[in-house]
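These notes concern the structure reproduced below.
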Amino acid sequence: MKQALEGLKVVDLSQVLAGPYCTMVLADMGAEVIKIEKYPNGDDTRAMGPFVHEESHMYMMVNRNKKGACLNLKTPEGLALFKELIQSADVLVENYRPGVTKKLGIDYDTLKALNPGLIYCSISGYGQTGPYSQKGGYDIMAQGLSGLMHMTGEAQGRPVKVGFAVNDIAAAQTALQSILMAYIYKLRSGEGQYIDVSLVESGLAWTVWEAAAYFGQGELPERTGTAHRVSAPYQGFKTKDDYILIGAGNQKLWEIFATKIIKRPDWLDNPLFITNYSRAQHVKALEEEIESELAKHPATYWLELLDEHGVPSSPIYSYDQTLNDPHILERGMVLSYDHPTVGGPMRTLGFPAKFSRTPGQLTSAAPTLGQHNEEILQALNLTDHEVQQLKKANVISSK
């Protein structure tokens with residue numbers, strides 16, 4: 001079966017999450033991704049648990065479908081081999097701190113001279129320029145600087161980070177779409193280009209509701225718990241036994257919710273609840289009214305009734321419930337494959353986009369450290385003897 005990105009060659013110098021997630025998606029869609037890990041121990045996530053037969057499950061999750069080599073770029077031999085490899089690449093992804101690639105001799109200007117068509121994508125905490133560019137930037141710092149933590153949590157509570165590395169994934173998606181746009185341009189022009197992606201800006205770009213409130217009326221997006229900023233009821237509510245989500249986000253749904261589900265038609269005449277805007281302005285009073293009614297029955301009762309009348313709703317799952325939900329399973333979001341060292345099936349997340357002609361495929365496990373050293377170097381016309389000499393000279397590493 002054909003894949004959308006067959007023929008695209010990617011060299012991946014990134015590690016941990018943002019860069020590897022980006023290149024994982026490229027590999028899932030058919031690109032040849034060669035992951036070059038730092039010498040001698042590889043990607044930092046190899047040392048992060050949980051471990052299965054001494055292999056990091058996290059590493060295996062985001063490095064599937066890639067080939068792997070471990071190359072010492074601080075040696076003249078390793079640098080020369082890398083520069084030879086890059087001459088046939090379409091894309092390079094790296095997430096060193098700004099300035100490191102220049103010291104290593106693998107910055108964009110240097111590699112562009114070898115390969116003018118190269119699309120070179122750098123991912124960093126704060127970007128390649130600006131007063132913060134030299135600061136170390138992890139996901140949680142990006143959540144703080146982008147305003148995300150200040151607006152997340154309960155109204156009177158402490159700032160809370162999002163439950164997963166949202167700015168890392170935002171940067172991965174920003175890098176991914178940028179690389180594909182640059183690749184489309186390259187197909188038309190033959191020209192490569194440099195792409196500068198930061199965790200802070202990638203997350204900030206997603207705050208469109210909040211920016212609209214601030215730019216439009218000078219409102220600061222404060223913590224609202226699960227409530228929406230401009231729509232109500234649109235949040236989590238407590239029932240007799242559990243929390244559920246209800247999204248009666250327009251006037252028609254609100255009227256159905258009030259009259260047919262809660263059976264409180266008097267709410268429609270309450271001046272505090274007349275319009276969506278007024279309901280959002282008085283969301284605490286609305287929440288108290290709704291929860292006083294929801295407390296009469298368990299969550300399953302209300303969820304069935306909401307579904308029956310077409311009002312969007314959902315349970316609030318724990319993660320194990322999510323991964324075992326029949327809809328999630330039928331949609332193929334949990335996959336398993338055999339890993340050479342794990343011994344037996346390993347579960348991983350599936351492909352969120354379903355393509356009718358060129359679907360994502362799980363073709364190979366994440367590489368062990370330096371697994372494809374020989375294959376990659378032999379493609380550069382090195383002999384077996386030369387490869388072994390490089391290993392003895394601490395230019396390549398494997399496990």
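Identifiers for the structure tokens are assigned positionally: chains receive A, B, ... in sequence, residues are indexed from 1 per chain, and ligands are indexed from 1 in the order shown.
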Handout entry: Spatial neighbours of A:Asp196, 12 Å, only C-alpha atoms, chain gap at least 3 places, as a ChimeraX atom specification
Key = /A:93-96,98,108,119-129,133,171-172,174-176,178-179,193,199-202
Filtering to N, CA and C atoms, could you give me those residues as a tab-separated table (two decimals), in the first residue's frame?
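Output contents, as saved in again07.tsv:
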```tsv
chain	number	residue	atom	x	y	z
A	93	VAL	N	15.73	17.73	11.11
A	93	VAL	CA	15.06	18.24	12.31
A	93	VAL	C	16.03	18.14	13.48
A	94	GLU	N	16.19	19.26	14.22
A	94	GLU	CA	17.09	19.24	15.39
A	94	GLU	C	16.48	20.08	16.49
A	95	ASN	N	16.84	19.75	17.74
A	95	ASN	CA	16.36	20.55	18.86
A	95	ASN	C	17.46	20.83	19.88
A	96	TYR	N	18.68	21.10	19.38
A	96	TYR	CA	19.75	21.58	20.24
A	96	TYR	C	19.42	22.99	20.75
A	98	PRO	N	19.94	26.81	20.91
A	98	PRO	CA	20.47	27.68	19.86
A	98	PRO	C	21.96	27.95	20.04
A	108	TYR	N	22.59	25.58	9.69
A	108	TYR	CA	21.90	25.65	8.40
A	108	TYR	C	22.80	26.19	7.30
A	119	ILE	N	15.56	21.30	3.75
A	119	ILE	CA	14.62	21.95	4.66
A	119	ILE	C	15.13	21.66	6.07
A	120	TYR	N	15.54	22.69	6.75
A	120	TYR	CA	16.21	22.56	8.05
A	120	TYR	C	15.29	23.14	9.12
A	121	CYS	N	14.80	22.30	10.03
A	121	CYS	CA	13.85	22.74	11.05
A	121	CYS	C	14.49	22.65	12.42
A	122	SER	N	14.58	23.78	13.11
A	122	SER	CA	15.09	23.83	14.48
A	122	SER	C	13.93	24.03	15.44
A	123	ILE	N	13.90	23.22	16.49
A	123	ILE	CA	12.88	23.35	17.54
A	123	ILE	C	13.59	23.66	18.85
A	124	SER	N	13.18	24.74	19.50
A	124	SER	CA	13.80	25.12	20.76
A	124	SER	C	12.73	25.69	21.69
A	125	GLY	N	13.15	25.97	22.93
A	125	GLY	CA	12.18	26.47	23.90
A	125	GLY	C	11.64	27.83	23.54
A	126	TYR	N	12.54	28.76	23.15
A	126	TYR	CA	12.15	30.15	22.96
A	126	TYR	C	12.43	30.69	21.57
A	127	GLY	N	12.99	29.87	20.68
A	127	GLY	CA	13.32	30.34	19.35
A	127	GLY	C	14.79	30.68	19.22
A	128	GLN	N	15.22	30.90	18.00
A	128	GLN	CA	16.64	31.12	17.70
A	128	GLN	C	17.08	32.57	17.94
A	129	THR	N	16.14	33.49	18.09
A	129	THR	CA	16.47	34.90	18.31
A	129	THR	C	15.69	35.39	19.53
A	133	SER	N	16.51	33.48	23.92
A	133	SER	CA	16.88	32.37	23.04
A	133	SER	C	17.90	31.42	23.66
A	171	ALA	N	4.52	22.27	19.53
A	171	ALA	CA	5.72	22.53	18.72
A	171	ALA	C	5.92	21.45	17.68
A	172	ALA	N	5.66	20.19	18.06
A	172	ALA	CA	5.78	19.09	17.09
A	172	ALA	C	4.83	19.29	15.93
A	174	THR	N	3.45	22.14	14.96
A	174	THR	CA	3.86	23.34	14.20
A	174	THR	C	5.02	23.01	13.27
A	175	ALA	N	5.99	22.26	13.79
A	175	ALA	CA	7.13	21.85	12.96
A	175	ALA	C	6.66	20.97	11.81
A	176	LEU	N	5.76	20.06	12.12
A	176	LEU	CA	5.25	19.13	11.10
A	176	LEU	C	4.58	19.87	9.95
A	178	SER	N	4.84	22.97	9.16
A	178	SER	CA	5.80	23.88	8.51
A	178	SER	C	6.70	23.13	7.55
A	179	ILE	N	7.16	21.95	7.97
A	179	ILE	CA	8.01	21.12	7.09
A	179	ILE	C	7.25	20.74	5.84
A	193	GLN	N	14.72	25.65	2.76
A	193	GLN	CA	14.69	26.84	3.61
A	193	GLN	C	14.85	26.46	5.07
A	199	LEU	N	8.72	26.26	21.40
A	199	LEU	CA	7.65	25.71	22.24
A	199	LEU	C	6.71	26.81	22.71
A	200	VAL	N	7.27	27.96	23.10
A	200	VAL	CA	6.44	29.05	23.62
A	200	VAL	C	5.46	29.54	22.56
A	201	GLU	N	5.96	29.86	21.37
A	201	GLU	CA	5.10	30.43	20.34
A	201	GLU	C	4.10	29.43	19.80
A	202	SER	N	4.49	28.15	19.76
A	202	SER	CA	3.57	27.13	19.26
A	202	SER	C	2.36	27.00	20.17
```
Exercise for the section: Just list the residues in stretch 118-364 of chain A DSSP gives helix (DSSP H, G or I) on the backbone, as a VMD selection string. Expected result: chain A and resid 139 to 145 166 to 189 199 to 204 208 to 217 251 to 261 265 to 269 271 to 273 276 to 281 283 to 294 299 to 308 319 to 323 326 to 330
Handout entry: 12 Å contact set for A:Gly7, only C-alpha atoms, chain neighbours under 5 positions out, as a PyMOL selection string
Key = chain A and resi 2+26-27+29-33+88-91+183
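Proximity of A:Leu253, A:Val311, A:Ala113, A:Ile244 to A:His297, computed with only C-alpha atoms, is greatest for A:Ile244.
In terms of minimum interatomic distance to A:Tyr317, A:Tyr243 ranks closest within A:Phe355, A:Tyr243, A:Lys38, A:Gln361, counting only C-alpha atoms.
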Practice task
Find the spatial neighbours of stretch 13-17 of chain A, counting only C-alpha atoms, within a cut-off of 12 Å - ignore same-chain residues fewer than 6 positions away - and output them as a PyMOL selection string.
Solution key: chain A and resi 23-24+33-39+41-48+56+58-63+68-73+82+86+91-97+101+106-107+120-124+138-139+164-173+199
Practice task
Any chance you could list, as a count of residues only, the residues in stretch 258-385 of chain A that come up strand (DSSP E) when DSSP is run on the backbone?
Solution key: 13
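Ranking A:Glu191, A:His309, A:Asp28, A:Pro20 by their shortest atom-to-atom distance to A:Ala353, with only C-alpha atoms included, puts A:Asp28 first.
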Dump as CSV the rows for residues of stretch 303-389 of chain A within 12 Å of stretch 210-233 of chain A: closest atom pair and distance in Å with one decimal, only C-alpha atoms counted, ordered by chain and rising residue number.
```
residue,atom,partner,partner_atom,distance
A:Val311,CA,A:Pro233,CA,11.0
A:Pro312,CA,A:Pro233,CA,10.8
A:Ser313,CA,A:Pro233,CA,11.0
A:Ile316,CA,A:Thr226,CA,11.3
```
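Each of A:Gly350, A:Gly310, A:Gly163, A:Gly203 was compared to A:Leu148 using only C-alpha atoms, and A:Gly203 turns out to be the nearest.
Rounded to one decimal, atom CA of A:Leu245 and atom CA of A:Tyr21 lie 29.6 Å from each other.
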Practice task
Using only C-alpha atoms, determine which residues lie at most 12 Å from A:Ala299, disregarding the query and same-chain residues fewer than 3 positions distant; provide the list as number ranges by chain.
Solution key: A: 236-246, 291, 293-296, 302-306, 313-316
Write out the residues from the selection above, keeping C-alpha atoms, as an mmCIF file, in the first residue's frame.
```cif
data_model
loop_
_atom_site.group_PDB
_atom_site.id
_atom_site.type_symbol
_atom_site.label_atom_id
_atom_site.label_comp_id
_atom_site.auth_asym_id
_atom_site.auth_seq_id
_atom_site.Cartn_x
_atom_site.Cartn_y
_atom_site.Cartn_z
ATOM 1 C CA GLY A 236 -17.959 19.689 33.970
ATOM 2 C CA PHE A 237 -20.816 19.195 36.414
ATOM 3 C CA LYS A 238 -21.251 16.999 39.491
ATOM 4 C CA THR A 239 -24.085 14.467 39.376
ATOM 5 C CA LYS A 240 -25.253 12.182 42.172
ATOM 6 C CA ASP A 241 -22.168 9.958 41.847
ATOM 7 C CA ASP A 242 -19.667 11.389 39.347
ATOM 8 C CA TYR A 243 -18.689 14.311 37.142
ATOM 9 C CA ILE A 244 -19.864 14.627 33.536
ATOM 10 C CA LEU A 245 -19.316 17.156 30.746
ATOM 11 C CA ILE A 246 -22.206 19.065 29.189
ATOM 12 C CA GLU A 291 -25.865 20.807 39.868
ATOM 13 C CA GLU A 293 -30.837 19.182 39.595
ATOM 14 C CA LEU A 294 -28.106 16.787 38.434
ATOM 15 C CA ALA A 295 -27.604 15.617 42.032
ATOM 16 C CA LYS A 296 -30.942 13.795 41.825
ATOM 17 C CA TRP A 302 -27.976 11.982 32.634
ATOM 18 C CA LEU A 303 -25.564 10.861 29.902
ATOM 19 C CA GLU A 304 -28.233 8.619 28.371
ATOM 20 C CA LEU A 305 -30.796 11.427 28.492
ATOM 21 C CA LEU A 306 -28.388 13.969 26.997
ATOM 22 C CA SER A 313 -21.982 15.350 26.634
ATOM 23 C CA SER A 314 -19.286 12.999 27.827
ATOM 24 C CA PRO A 315 -18.042 11.114 30.850
ATOM 25 C CA ILE A 316 -14.725 12.242 32.298
#
```
